[in-house]
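Have a look at the structure below, then the notes.
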Amino acid sequence: MNSTLKQERILLFFTYLLCIAFFTNLALLKQPYDKGAIIMAVVFCILVGYAHFVVRKFFSDGDKFILIFSCILSLIGIVILYRLEPSTAIKQIIWFIIGMAGYIVMVVVLPDLKSFGKYKYMYMIGTLIFMAMATLIGVERYGAKNWVQLGPVGFQPSEFGKLFLVAYLASSLKDYKSFKNLIEPAVIVMISLGFMMLQRDLGSALIFFGISVTMLYIATSKLKYVIVSFVLSAFGAIASYNMFYHIRKRVMIWQDPWKYASNESYQIIQGFYAISSGGLLGSGLGLGHPDLVPVRTTDFIFAAICEELGIVMGFGIIIIYFLLFYRCMRAAIYVEDRFSQLMSVGYSAMIASQVLVIIGGVMNIIPLTGITLPLVSYGGSSMLTTFFALGIIQKISEEG
């Protein structure tokens, strides 16, 4: 225990050091200096320190590295957002505060998660409501009808739908005995994917598929079900390609982005230029031109980071995500309750799938989809759902 606490404190020390270094750099870019950057550094360090103190003091048995890794990722995002658009960074740190509060509430308030496994149909209703919401009352942004605007508040219902979908699949698959137990969850997953296709939200569809297949394999240990899922998804992808021009255009751009560099694939090409101009070590924080990259605060924030902080920082971010995924899956290994185990696997797969899909899209490894990089990109819905999911995993690690 003492060794673990020592490691946590060392990691926290370097987190504070990184925070101070980044924001001091940004403060010195203006003359005489930017007071706002200093305030942001102080606020962030206080928030992280307080959150770690509360979780460590009152719930000492769980895995505190989940909290620390998520804070490091949030720090990198807030720093680059402050460099790009200070007003957006202020909004993001407010979402960070709310998300961190939600994380702590999940750990402090939630009772034993075993008792939540019986609410399967409540999770099912929540899943269907959030998946269908944008189809019925959504507005279109960047070619996908996946946003809902309620007065001054806009959000992506699919972000909250992910939380309910994982809870539903965990409660359904925990009692798996035979193929009959898979029929109902398969129908719910297909309905969810159908709504994503109608909304032309390819990114969310890929994430839901990744979540579902991962949880299916963990629950059944049968590779044949995974193979059948991939075969069915291939037919679905072909049908979607033929039905929706938006998806055909994304595939067309992916196949030859340089051919459409001045119009349809302008965003991808500018991302390429940004990453290549930064090189291994980057142009320096505040010294690049990430403002030339469209949608740089959300979809393409990874390109902006690589331009100013280098490809080395890009690889560093990927490694931190891997470590976060490892700690989350570790919680699933040590817990005995089947529902809690599947919840941890599902939320881990949710974050990992989202990272792979958006970084793969920015690098043009797969067709680009408009989703956020968890904890790093600007977005209230994404920040809240990710911290809620991590809070639940933190609670599971306490029980393991």
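Identifiers in the structure tokens: chain A, B, ... in order shown; residue index from 1 per chain; ligand index from 1 in order shown.
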
Just the helix (DSSP H, G or I) stuff from range 28-158 of chain A, please, per backbone DSSP, written as a PDB file with N, CA and C atoms, in the first residue's frame.
ATOM      1  N   LEU A  28       3.696  33.371 -20.678  1.00  0.00           N
ATOM      2  CA  LEU A  28       4.806  34.188 -21.145  1.00  0.00           C
ATOM      3  C   LEU A  28       4.713  34.565 -22.621  1.00  0.00           C
ATOM      4  N   LYS A  35      -2.363  36.521 -17.011  1.00  0.00           N
ATOM      5  CA  LYS A  35      -2.800  36.121 -15.671  1.00  0.00           C
ATOM      6  C   LYS A  35      -3.772  34.942 -15.734  1.00  0.00           C
ATOM      7  N   GLY A  36      -4.574  34.911 -16.805  1.00  0.00           N
ATOM      8  CA  GLY A  36      -5.563  33.839 -16.939  1.00  0.00           C
ATOM      9  C   GLY A  36      -4.920  32.466 -16.965  1.00  0.00           C
ATOM     10  N   ALA A  37      -3.762  32.352 -17.636  1.00  0.00           N
ATOM     11  CA  ALA A  37      -3.073  31.065 -17.713  1.00  0.00           C
ATOM     12  C   ALA A  37      -2.592  30.624 -16.331  1.00  0.00           C
ATOM     13  N   ILE A  38      -2.099  31.542 -15.550  1.00  0.00           N
ATOM     14  CA  ILE A  38      -1.649  31.217 -14.192  1.00  0.00           C
ATOM     15  C   ILE A  38      -2.816  30.757 -13.330  1.00  0.00           C
ATOM     16  N   ILE A  39      -3.945  31.449 -13.467  1.00  0.00           N
ATOM     17  CA  ILE A  39      -5.147  31.068 -12.704  1.00  0.00           C
ATOM     18  C   ILE A  39      -5.607  29.669 -13.095  1.00  0.00           C
ATOM     19  N   MET A  40      -5.585  29.375 -14.394  1.00  0.00           N
ATOM     20  CA  MET A  40      -5.985  28.044 -14.870  1.00  0.00           C
ATOM     21  C   MET A  40      -5.094  26.961 -14.254  1.00  0.00           C
ATOM     22  N   ALA A  41      -3.777  27.225 -14.188  1.00  0.00           N
ATOM     23  CA  ALA A  41      -2.851  26.246 -13.617  1.00  0.00           C
ATOM     24  C   ALA A  41      -3.162  25.990 -12.151  1.00  0.00           C
ATOM     25  N   VAL A  42      -3.387  27.071 -11.407  1.00  0.00           N
ATOM     26  CA  VAL A  42      -3.672  26.935  -9.966  1.00  0.00           C
ATOM     27  C   VAL A  42      -4.977  26.183  -9.740  1.00  0.00           C
ATOM     28  N   VAL A  43      -6.013  26.548 -10.492  1.00  0.00           N
ATOM     29  CA  VAL A  43      -7.325  25.895 -10.356  1.00  0.00           C
ATOM     30  C   VAL A  43      -7.221  24.411 -10.670  1.00  0.00           C
ATOM     31  N   PHE A  44      -6.526  24.077 -11.743  1.00  0.00           N
ATOM     32  CA  PHE A  44      -6.409  22.668 -12.131  1.00  0.00           C
ATOM     33  C   PHE A  44      -5.670  21.861 -11.069  1.00  0.00           C
ATOM     34  N   CYS A  45      -4.555  22.377 -10.576  1.00  0.00           N
ATOM     35  CA  CYS A  45      -3.778  21.654  -9.560  1.00  0.00           C
ATOM     36  C   CYS A  45      -4.594  21.442  -8.274  1.00  0.00           C
ATOM     37  N   ILE A  46      -5.339  22.470  -7.871  1.00  0.00           N
ATOM     38  CA  ILE A  46      -6.174  22.346  -6.672  1.00  0.00           C
ATOM     39  C   ILE A  46      -7.255  21.281  -6.872  1.00  0.00           C
ATOM     40  N   LEU A  47      -7.893  21.289  -8.037  1.00  0.00           N
ATOM     41  CA  LEU A  47      -8.954  20.320  -8.318  1.00  0.00           C
ATOM     42  C   LEU A  47      -8.429  18.889  -8.288  1.00  0.00           C
ATOM     43  N   VAL A  48      -7.315  18.667  -8.961  1.00  0.00           N
ATOM     44  CA  VAL A  48      -6.745  17.316  -9.015  1.00  0.00           C
ATOM     45  C   VAL A  48      -6.302  16.859  -7.624  1.00  0.00           C
ATOM     46  N   GLY A  49      -5.637  17.751  -6.901  1.00  0.00           N
ATOM     47  CA  GLY A  49      -5.182  17.401  -5.559  1.00  0.00           C
ATOM     48  C   GLY A  49      -6.333  17.087  -4.626  1.00  0.00           C
ATOM     49  N   TYR A  50      -7.390  17.884  -4.679  1.00  0.00           N
ATOM     50  CA  TYR A  50      -8.547  17.667  -3.807  1.00  0.00           C
ATOM     51  C   TYR A  50      -9.253  16.359  -4.151  1.00  0.00           C
ATOM     52  N   ALA A  51      -9.440  16.101  -5.466  1.00  0.00           N
ATOM     53  CA  ALA A  51     -10.112  14.869  -5.886  1.00  0.00           C
ATOM     54  C   ALA A  51      -9.329  13.640  -5.437  1.00  0.00           C
ATOM     55  N   HIS A  52      -8.012  13.679  -5.588  1.00  0.00           N
ATOM     56  CA  HIS A  52      -7.197  12.541  -5.154  1.00  0.00           C
ATOM     57  C   HIS A  52      -7.254  12.380  -3.636  1.00  0.00           C
ATOM     58  N   PHE A  53      -7.246  13.488  -2.916  1.00  0.00           N
ATOM     59  CA  PHE A  53      -7.313  13.434  -1.447  1.00  0.00           C
ATOM     60  C   PHE A  53      -8.612  12.775  -0.985  1.00  0.00           C
ATOM     61  N   VAL A  54      -9.738  13.181  -1.566  1.00  0.00           N
ATOM     62  CA  VAL A  54     -11.037  12.629  -1.160  1.00  0.00           C
ATOM     63  C   VAL A  54     -11.114  11.137  -1.445  1.00  0.00           C
ATOM     64  N   VAL A  55     -10.751  10.756  -2.678  1.00  0.00           N
ATOM     65  CA  VAL A  55     -10.853   9.341  -3.049  1.00  0.00           C
ATOM     66  C   VAL A  55      -9.865   8.497  -2.254  1.00  0.00           C
ATOM     67  N   ARG A  56      -8.659   9.005  -2.040  1.00  0.00           N
ATOM     68  CA  ARG A  56      -7.641   8.255  -1.295  1.00  0.00           C
ATOM     69  C   ARG A  56      -7.994   8.141   0.191  1.00  0.00           C
ATOM     70  N   LYS A  57      -8.519   9.201   0.782  1.00  0.00           N
ATOM     71  CA  LYS A  57      -8.799   9.209   2.215  1.00  0.00           C
ATOM     72  C   LYS A  57      -9.987   8.322   2.580  1.00  0.00           C
ATOM     73  N   PHE A  58     -11.063   8.430   1.804  1.00  0.00           N
ATOM     74  CA  PHE A  58     -12.296   7.740   2.182  1.00  0.00           C
ATOM     75  C   PHE A  58     -12.485   6.401   1.465  1.00  0.00           C
ATOM     76  N   PHE A  65      -4.934   5.154  -9.891  1.00  0.00           N
ATOM     77  CA  PHE A  65      -4.271   5.518 -11.143  1.00  0.00           C
ATOM     78  C   PHE A  65      -5.298   5.840 -12.236  1.00  0.00           C
ATOM     79  N   ILE A  66      -6.509   5.318 -12.109  1.00  0.00           N
ATOM     80  CA  ILE A  66      -7.579   5.656 -13.054  1.00  0.00           C
ATOM     81  C   ILE A  66      -7.840   7.157 -13.013  1.00  0.00           C
ATOM     82  N   LEU A  67      -7.938   7.702 -11.797  1.00  0.00           N
ATOM     83  CA  LEU A  67      -8.153   9.135 -11.612  1.00  0.00           C
ATOM     84  C   LEU A  67      -6.977   9.952 -12.143  1.00  0.00           C
ATOM     85  N   ILE A  68      -5.760   9.527 -11.837  1.00  0.00           N
ATOM     86  CA  ILE A  68      -4.585  10.302 -12.217  1.00  0.00           C
ATOM     87  C   ILE A  68      -4.397  10.331 -13.731  1.00  0.00           C
ATOM     88  N   PHE A  69      -4.531   9.185 -14.389  1.00  0.00           N
ATOM     89  CA  PHE A  69      -4.368   9.144 -15.845  1.00  0.00           C
ATOM     90  C   PHE A  69      -5.435   9.983 -16.550  1.00  0.00           C
ATOM     91  N   SER A  70      -6.662   9.934 -16.034  1.00  0.00           N
ATOM     92  CA  SER A  70      -7.732  10.731 -16.648  1.00  0.00           C
ATOM     93  C   SER A  70      -7.463  12.228 -16.464  1.00  0.00           C
ATOM     94  N   CYS A  71      -6.867  12.606 -15.326  1.00  0.00           N
ATOM     95  CA  CYS A  71      -6.529  14.015 -15.094  1.00  0.00           C
ATOM     96  C   CYS A  71      -5.405  14.487 -16.018  1.00  0.00           C
ATOM     97  N   ILE A  72      -4.426  13.624 -16.272  1.00  0.00           N
ATOM     98  CA  ILE A  72      -3.339  13.988 -17.184  1.00  0.00           C
ATOM     99  C   ILE A  72      -3.881  14.257 -18.583  1.00  0.00           C
ATOM    100  N   LEU A  73      -4.773  13.396 -19.043  1.00  0.00           N
ATOM    101  CA  LEU A  73      -5.375  13.585 -20.373  1.00  0.00           C
ATOM    102  C   LEU A  73      -6.195  14.874 -20.415  1.00  0.00           C
ATOM    103  N   SER A  74      -6.955  15.120 -19.351  1.00  0.00           N
ATOM    104  CA  SER A  74      -7.747  16.356 -19.293  1.00  0.00           C
ATOM    105  C   SER A  74      -6.850  17.586 -19.288  1.00  0.00           C
ATOM    106  N   LEU A  75      -5.717  17.497 -18.590  1.00  0.00           N
ATOM    107  CA  LEU A  75      -4.762  18.603 -18.547  1.00  0.00           C
ATOM    108  C   LEU A  75      -4.256  18.946 -19.942  1.00  0.00           C
ATOM    109  N   ILE A  76      -3.844  17.941 -20.687  1.00  0.00           N
ATOM    110  CA  ILE A  76      -3.330  18.172 -22.047  1.00  0.00           C
ATOM    111  C   ILE A  76      -4.401  18.834 -22.907  1.00  0.00           C
ATOM    112  N   GLY A  77      -5.632  18.359 -22.772  1.00  0.00           N
ATOM    113  CA  GLY A  77      -6.724  18.946 -23.548  1.00  0.00           C
ATOM    114  C   GLY A  77      -6.978  20.393 -23.182  1.00  0.00           C
ATOM    115  N   ILE A  78      -7.043  20.696 -21.891  1.00  0.00           N
ATOM    116  CA  ILE A  78      -7.319  22.067 -21.448  1.00  0.00           C
ATOM    117  C   ILE A  78      -6.196  23.013 -21.868  1.00  0.00           C
ATOM    118  N   VAL A  79      -4.951  22.540 -21.788  1.00  0.00           N
ATOM    119  CA  VAL A  79      -3.806  23.370 -22.190  1.00  0.00           C
ATOM    120  C   VAL A  79      -3.889  23.727 -23.664  1.00  0.00           C
ATOM    121  N   ILE A  80      -4.109  22.744 -24.514  1.00  0.00           N
ATOM    122  CA  ILE A  80      -4.134  23.022 -25.953  1.00  0.00           C
ATOM    123  C   ILE A  80      -5.363  23.846 -26.316  1.00  0.00           C
ATOM    124  N   LEU A  81      -6.467  23.649 -25.606  1.00  0.00           N
ATOM    125  CA  LEU A  81      -7.659  24.462 -25.850  1.00  0.00           C
ATOM    126  C   LEU A  81      -7.411  25.917 -25.440  1.00  0.00           C
ATOM    127  N   TYR A  82      -6.697  26.114 -24.328  1.00  0.00           N
ATOM    128  CA  TYR A  82      -6.381  27.481 -23.904  1.00  0.00           C
ATOM    129  C   TYR A  82      -5.476  28.157 -24.923  1.00  0.00           C
ATOM    130  N   ARG A  83      -4.575  27.405 -25.500  1.00  0.00           N
ATOM    131  CA  ARG A  83      -3.705  27.969 -26.533  1.00  0.00           C
ATOM    132  C   ARG A  83      -4.518  28.339 -27.774  1.00  0.00           C
ATOM    133  N   LEU A  84      -5.516  27.507 -28.123  1.00  0.00           N
ATOM    134  CA  LEU A  84      -6.313  27.737 -29.333  1.00  0.00           C
ATOM    135  C   LEU A  84      -7.390  28.788 -29.104  1.00  0.00           C
ATOM    136  N   PRO A  86      -8.992  30.541 -25.609  1.00  0.00           N
ATOM    137  CA  PRO A  86      -9.084  30.638 -24.147  1.00  0.00           C
ATOM    138  C   PRO A  86     -10.517  30.529 -23.612  1.00  0.00           C
ATOM    139  N   SER A  87     -11.483  31.096 -24.318  1.00  0.00           N
ATOM    140  CA  SER A  87     -12.876  31.034 -23.853  1.00  0.00           C
ATOM    141  C   SER A  87     -13.389  29.591 -23.851  1.00  0.00           C
ATOM    142  N   THR A  88     -12.974  28.826 -24.845  1.00  0.00           N
ATOM    143  CA  THR A  88     -13.362  27.413 -24.912  1.00  0.00           C
ATOM    144  C   THR A  88     -12.711  26.619 -23.782  1.00  0.00           C
ATOM    145  N   ALA A  89     -11.463  26.939 -23.465  1.00  0.00           N
ATOM    146  CA  ALA A  89     -10.767  26.258 -22.366  1.00  0.00           C
ATOM    147  C   ALA A  89     -11.446  26.521 -21.027  1.00  0.00           C
ATOM    148  N   ILE A  90     -11.952  27.739 -20.839  1.00  0.00           N
ATOM    149  CA  ILE A  90     -12.665  28.063 -19.594  1.00  0.00           C
ATOM    150  C   ILE A  90     -13.935  27.225 -19.475  1.00  0.00           C
ATOM    151  N   LYS A  91     -14.658  27.097 -20.594  1.00  0.00           N
ATOM    152  CA  LYS A  91     -15.844  26.238 -20.603  1.00  0.00           C
ATOM    153  C   LYS A  91     -15.464  24.789 -20.297  1.00  0.00           C
ATOM    154  N   GLN A  92     -14.338  24.361 -20.887  1.00  0.00           N
ATOM    155  CA  GLN A  92     -13.905  22.975 -20.695  1.00  0.00           C
ATOM    156  C   GLN A  92     -13.527  22.693 -19.247  1.00  0.00           C
ATOM    157  N   ILE A  93     -12.883  23.650 -18.576  1.00  0.00           N
ATOM    158  CA  ILE A  93     -12.506  23.395 -17.177  1.00  0.00           C
ATOM    159  C   ILE A  93     -13.748  23.381 -16.286  1.00  0.00           C
ATOM    160  N   ILE A  94     -14.790  24.100 -16.696  1.00  0.00           N
ATOM    161  CA  ILE A  94     -16.061  24.012 -15.955  1.00  0.00           C
ATOM    162  C   ILE A  94     -16.651  22.613 -16.112  1.00  0.00           C
ATOM    163  N   TRP A  95     -16.614  22.078 -17.350  1.00  0.00           N
ATOM    164  CA  TRP A  95     -17.086  20.708 -17.574  1.00  0.00           C
ATOM    165  C   TRP A  95     -16.208  19.710 -16.823  1.00  0.00           C
ATOM    166  N   PHE A  96     -14.910  20.020 -16.745  1.00  0.00           N
ATOM    167  CA  PHE A  96     -13.994  19.159 -15.997  1.00  0.00           C
ATOM    168  C   PHE A  96     -14.374  19.131 -14.512  1.00  0.00           C
ATOM    169  N   ILE A  97     -14.712  20.289 -13.961  1.00  0.00           N
ATOM    170  CA  ILE A  97     -15.132  20.364 -12.557  1.00  0.00           C
ATOM    171  C   ILE A  97     -16.407  19.544 -12.336  1.00  0.00           C
ATOM    172  N   ILE A  98     -17.378  19.715 -13.242  1.00  0.00           N
ATOM    173  CA  ILE A  98     -18.636  18.961 -13.117  1.00  0.00           C
ATOM    174  C   ILE A  98     -18.377  17.464 -13.262  1.00  0.00           C
ATOM    175  N   GLY A  99     -17.542  17.100 -14.256  1.00  0.00           N
ATOM    176  CA  GLY A  99     -17.222  15.693 -14.471  1.00  0.00           C
ATOM    177  C   GLY A  99     -16.500  15.085 -13.286  1.00  0.00           C
ATOM    178  N   MET A 100     -15.550  15.833 -12.718  1.00  0.00           N
ATOM    179  CA  MET A 100     -14.818  15.351 -11.549  1.00  0.00           C
ATOM    180  C   MET A 100     -15.749  15.202 -10.344  1.00  0.00           C
ATOM    181  N   ALA A 101     -16.682  16.143 -10.208  1.00  0.00           N
ATOM    182  CA  ALA A 101     -17.672  16.031  -9.129  1.00  0.00           C
ATOM    183  C   ALA A 101     -18.516  14.774  -9.315  1.00  0.00           C
ATOM    184  N   GLY A 102     -18.922  14.519 -10.562  1.00  0.00           N
ATOM    185  CA  GLY A 102     -19.682  13.308 -10.854  1.00  0.00           C
ATOM    186  C   GLY A 102     -18.885  12.049 -10.562  1.00  0.00           C
ATOM    187  N   TYR A 103     -17.599  12.083 -10.876  1.00  0.00           N
ATOM    188  CA  TYR A 103     -16.702  10.957 -10.600  1.00  0.00           C
ATOM    189  C   TYR A 103     -16.682  10.646  -9.098  1.00  0.00           C
ATOM    190  N   ILE A 104     -16.502  11.696  -8.291  1.00  0.00           N
ATOM    191  CA  ILE A 104     -16.438  11.514  -6.841  1.00  0.00           C
ATOM    192  C   ILE A 104     -17.784  11.046  -6.292  1.00  0.00           C
ATOM    193  N   VAL A 105     -18.875  11.621  -6.827  1.00  0.00           N
ATOM    194  CA  VAL A 105     -20.213  11.216  -6.381  1.00  0.00           C
ATOM    195  C   VAL A 105     -20.446   9.728  -6.664  1.00  0.00           C
ATOM    196  N   MET A 106     -20.008   9.266  -7.836  1.00  0.00           N
ATOM    197  CA  MET A 106     -20.169   7.852  -8.172  1.00  0.00           C
ATOM    198  C   MET A 106     -19.477   6.961  -7.138  1.00  0.00           C
ATOM    199  N   VAL A 107     -18.303   7.391  -6.683  1.00  0.00           N
ATOM    200  CA  VAL A 107     -17.550   6.591  -5.727  1.00  0.00           C
ATOM    201  C   VAL A 107     -18.150   6.688  -4.326  1.00  0.00           C
ATOM    202  N   VAL A 108     -18.578   7.898  -3.952  1.00  0.00           N
ATOM    203  CA  VAL A 108     -19.032   8.137  -2.578  1.00  0.00           C
ATOM    204  C   VAL A 108     -20.470   7.668  -2.361  1.00  0.00           C
ATOM    205  N   VAL A 109     -21.350   7.984  -3.305  1.00  0.00           N
ATOM    206  CA  VAL A 109     -22.788   7.779  -3.104  1.00  0.00           C
ATOM    207  C   VAL A 109     -23.264   6.387  -3.508  1.00  0.00           C
ATOM    208  N   LEU A 113     -22.501  -2.174  -6.355  1.00  0.00           N
ATOM    209  CA  LEU A 113     -23.053  -2.226  -7.713  1.00  0.00           C
ATOM    210  C   LEU A 113     -23.779  -3.527  -8.034  1.00  0.00           C
ATOM    211  N   LYS A 114     -23.577  -4.554  -7.233  1.00  0.00           N
ATOM    212  CA  LYS A 114     -24.271  -5.816  -7.483  1.00  0.00           C
ATOM    213  C   LYS A 114     -25.783  -5.627  -7.527  1.00  0.00           C
ATOM    214  N   SER A 115     -26.281  -4.742  -6.694  1.00  0.00           N
ATOM    215  CA  SER A 115     -27.731  -4.542  -6.594  1.00  0.00           C
ATOM    216  C   SER A 115     -28.319  -3.860  -7.818  1.00  0.00           C
ATOM    217  N   PHE A 116     -27.479  -3.269  -8.681  1.00  0.00           N
ATOM    218  CA  PHE A 116     -27.977  -2.573  -9.861  1.00  0.00           C
ATOM    219  C   PHE A 116     -28.151  -3.494 -11.066  1.00  0.00           C
ATOM    220  N   GLY A 117     -27.742  -4.734 -10.941  1.00  0.00           N
ATOM    221  CA  GLY A 117     -27.846  -5.656 -12.066  1.00  0.00           C
ATOM    222  C   GLY A 117     -29.263  -6.071 -12.421  1.00  0.00           C
ATOM    223  N   LYS A 118     -30.207  -5.806 -11.536  1.00  0.00           N
ATOM    224  CA  LYS A 118     -31.588  -6.257 -11.759  1.00  0.00           C
ATOM    225  C   LYS A 118     -32.431  -5.258 -12.544  1.00  0.00           C
ATOM    226  N   LYS A 120     -32.496  -4.275 -15.625  1.00  0.00           N
ATOM    227  CA  LYS A 120     -32.204  -4.449 -17.046  1.00  0.00           C
ATOM    228  C   LYS A 120     -33.131  -3.641 -17.941  1.00  0.00           C
ATOM    229  N   TYR A 121     -34.425  -3.694 -17.673  1.00  0.00           N
ATOM    230  CA  TYR A 121     -35.377  -3.042 -18.581  1.00  0.00           C
ATOM    231  C   TYR A 121     -35.365  -1.524 -18.436  1.00  0.00           C
ATOM    232  N   MET A 122     -34.950  -1.028 -17.288  1.00  0.00           N
ATOM    233  CA  MET A 122     -34.780   0.409 -17.144  1.00  0.00           C
ATOM    234  C   MET A 122     -33.614   0.884 -18.020  1.00  0.00           C
ATOM    235  N   TYR A 123     -32.539   0.104 -18.027  1.00  0.00           N
ATOM    236  CA  TYR A 123     -31.397   0.437 -18.879  1.00  0.00           C
ATOM    237  C   TYR A 123     -31.784   0.340 -20.361  1.00  0.00           C
ATOM    238  N   MET A 124     -32.617  -0.649 -20.669  1.00  0.00           N
ATOM    239  CA  MET A 124     -33.055  -0.822 -22.062  1.00  0.00           C
ATOM    240  C   MET A 124     -33.850   0.393 -22.530  1.00  0.00           C
ATOM    241  N   ILE A 125     -34.771   0.852 -21.698  1.00  0.00           N
ATOM    242  CA  ILE A 125     -35.591   2.020 -22.057  1.00  0.00           C
ATOM    243  C   ILE A 125     -34.707   3.251 -22.224  1.00  0.00           C
ATOM    244  N   GLY A 126     -33.766   3.437 -21.287  1.00  0.00           N
ATOM    245  CA  GLY A 126     -32.845   4.568 -21.399  1.00  0.00           C
ATOM    246  C   GLY A 126     -32.032   4.520 -22.684  1.00  0.00           C
ATOM    247  N   THR A 127     -31.571   3.326 -23.044  1.00  0.00           N
ATOM    248  CA  THR A 127     -30.798   3.153 -24.281  1.00  0.00           C
ATOM    249  C   THR A 127     -31.612   3.564 -25.493  1.00  0.00           C
ATOM    250  N   LEU A 128     -32.827   3.053 -25.592  1.00  0.00           N
ATOM    251  CA  LEU A 128     -33.662   3.325 -26.763  1.00  0.00           C
ATOM    252  C   LEU A 128     -34.056   4.805 -26.845  1.00  0.00           C
ATOM    253  N   ILE A 129     -34.334   5.417 -25.702  1.00  0.00           N
ATOM    254  CA  ILE A 129     -34.713   6.840 -25.704  1.00  0.00           C
ATOM    255  C   ILE A 129     -33.567   7.699 -26.227  1.00  0.00           C
ATOM    256  N   PHE A 130     -32.363   7.484 -25.697  1.00  0.00           N
ATOM    257  CA  PHE A 130     -31.229   8.322 -26.096  1.00  0.00           C
ATOM    258  C   PHE A 130     -30.767   8.015 -27.522  1.00  0.00           C
ATOM    259  N   MET A 131     -30.881   6.763 -27.938  1.00  0.00           N
ATOM    260  CA  MET A 131     -30.480   6.432 -29.306  1.00  0.00           C
ATOM    261  C   MET A 131     -31.438   7.041 -30.329  1.00  0.00           C
ATOM    262  N   ALA A 132     -32.717   7.077 -29.984  1.00  0.00           N
ATOM    263  CA  ALA A 132     -33.723   7.569 -30.934  1.00  0.00           C
ATOM    264  C   ALA A 132     -33.864   9.086 -30.911  1.00  0.00           C
ATOM    265  N   MET A 133     -33.417   9.738 -29.852  1.00  0.00           N
ATOM    266  CA  MET A 133     -33.702  11.150 -29.629  1.00  0.00           C
ATOM    267  C   MET A 133     -33.260  12.035 -30.792  1.00  0.00           C
ATOM    268  N   ALA A 134     -32.019  11.874 -31.237  1.00  0.00           N
ATOM    269  CA  ALA A 134     -31.508  12.732 -32.314  1.00  0.00           C
ATOM    270  C   ALA A 134     -32.204  12.449 -33.635  1.00  0.00           C
ATOM    271  N   THR A 135     -32.652  11.217 -33.843  1.00  0.00           N
ATOM    272  CA  THR A 135     -33.392  10.875 -35.065  1.00  0.00           C
ATOM    273  C   THR A 135     -34.705  11.636 -35.130  1.00  0.00           C
ATOM    274  N   LEU A 136     -35.340  11.813 -33.974  1.00  0.00           N
ATOM    275  CA  LEU A 136     -36.672  12.429 -33.923  1.00  0.00           C
ATOM    276  C   LEU A 136     -36.618  13.948 -33.825  1.00  0.00           C
ATOM    277  N   ILE A 137     -35.727  14.475 -32.989  1.00  0.00           N
ATOM    278  CA  ILE A 137     -35.727  15.934 -32.746  1.00  0.00           C
ATOM    279  C   ILE A 137     -34.334  16.553 -32.919  1.00  0.00           C
ATOM    280  N   PRO A 157     -27.112  12.989 -27.701  1.00  0.00           N
ATOM    281  CA  PRO A 157     -27.782  11.942 -26.915  1.00  0.00           C
ATOM    282  C   PRO A 157     -27.047  10.606 -26.945  1.00  0.00           C
ATOM    283  N   SER A 158     -26.350  10.312 -28.042  1.00  0.00           N
ATOM    284  CA  SER A 158     -25.653   9.031 -28.137  1.00  0.00           C
ATOM    285  C   SER A 158     -24.564   8.894 -27.079  1.00  0.00           C
TER     286      SER A 158
END

CA of Met363 in chain A to CA of Ser276 in chain A, straight-line distance in Å: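 Atom-to-atom, CA of Ser276 in chain A to CA of Met363 in chain A, that is 11.2 Å.
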
Distance of CA of Gly161 in chain A from CA of Ser381 in chain A, expressed in Å to one decimal place: 10.9 Å

Proximity to Arg330 in chain A - best of A:Gly62, A:Pro257, A:Pro290, A:Pro32, only C-alpha atoms: A:Gly62

Shortest interatomic distance to Glu85 in chain A - which of A:Leu26, A:Ile319, A:Ala144, A:Ile269, counting only C-alpha atoms: A:Leu26

Among listed residues A:Leu11, A:Val213, A:Ile253, A:Leu169, nearest Pro367 in chain A (using only C-alpha atoms):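 Residue with the minimum atom-to-atom distance to Pro367 in chain A: A:Ile253.
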
Distance criterion (only C-alpha atoms): nearest to Gln267 in chain A out of A:Gly361, A:Ile311, A:Asp201, A:Met190: A:Gly361

Proximity of range 305-380 of chain A to range 389-393 of chain A: per-residue shortest pair, 12 Å limit, only C-alpha atoms, as CSV:
residue,atom,partner,partner_atom,distance
A:Leu324,CA,A:Leu390,CA,9.6
A:Phe325,CA,A:Leu390,CA,10.3
A:Tyr326,CA,A:Ile393,CA,11.9
A:Arg327,CA,A:Ile393,CA,9.4
A:Cys328,CA,A:Ile393,CA,6.4
A:Met329,CA,A:Ile393,CA,8.9
A:Arg330,CA,A:Ile393,CA,9.9
A:Ala331,CA,A:Ile393,CA,6.9
A:Ala332,CA,A:Ile393,CA,8.3
A:Ile333,CA,A:Ile393,CA,11.7
A:Tyr334,CA,A:Ile393,CA,11.7
A:Val335,CA,A:Ile393,CA,10.5
A:Phe339,CA,A:Ile393,CA,11.9
A:Ser340,CA,A:Ile393,CA,8.4
A:Gln341,CA,A:Ile393,CA,9.2
A:Leu342,CA,A:Ile393,CA,10.5
A:Met343,CA,A:Ile393,CA,7.7
A:Ser344,CA,A:Ile393,CA,5.5
A:Val345,CA,A:Ile393,CA,9.0
A:Gly346,CA,A:Ala389,CA,9.4
A:Tyr347,CA,A:Ala389,CA,6.0
A:Ser348,CA,A:Leu390,CA,8.4
A:Ala349,CA,A:Ala389,CA,10.9
A:Met350,CA,A:Ala389,CA,9.1
A:Ile351,CA,A:Ala389,CA,9.0
A:Pro374,CA,A:Leu390,CA,11.4
A:Leu375,CA,A:Leu390,CA,11.1

Distance query Tyr245 in chain A at most 12 Å, only C-alpha atoms, self and fewer than 5 positions along chain excluded, as a ChimeraX atom specification: /A:143-144,197-198,200,239-240,250-252

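Residue nearest Ser204 in chain A within the list A:Thr297, A:Ser377, A:Ser382, A:Ser60: A:Ser382 [criterion: smallest interatomic distance, only C-alpha atoms].
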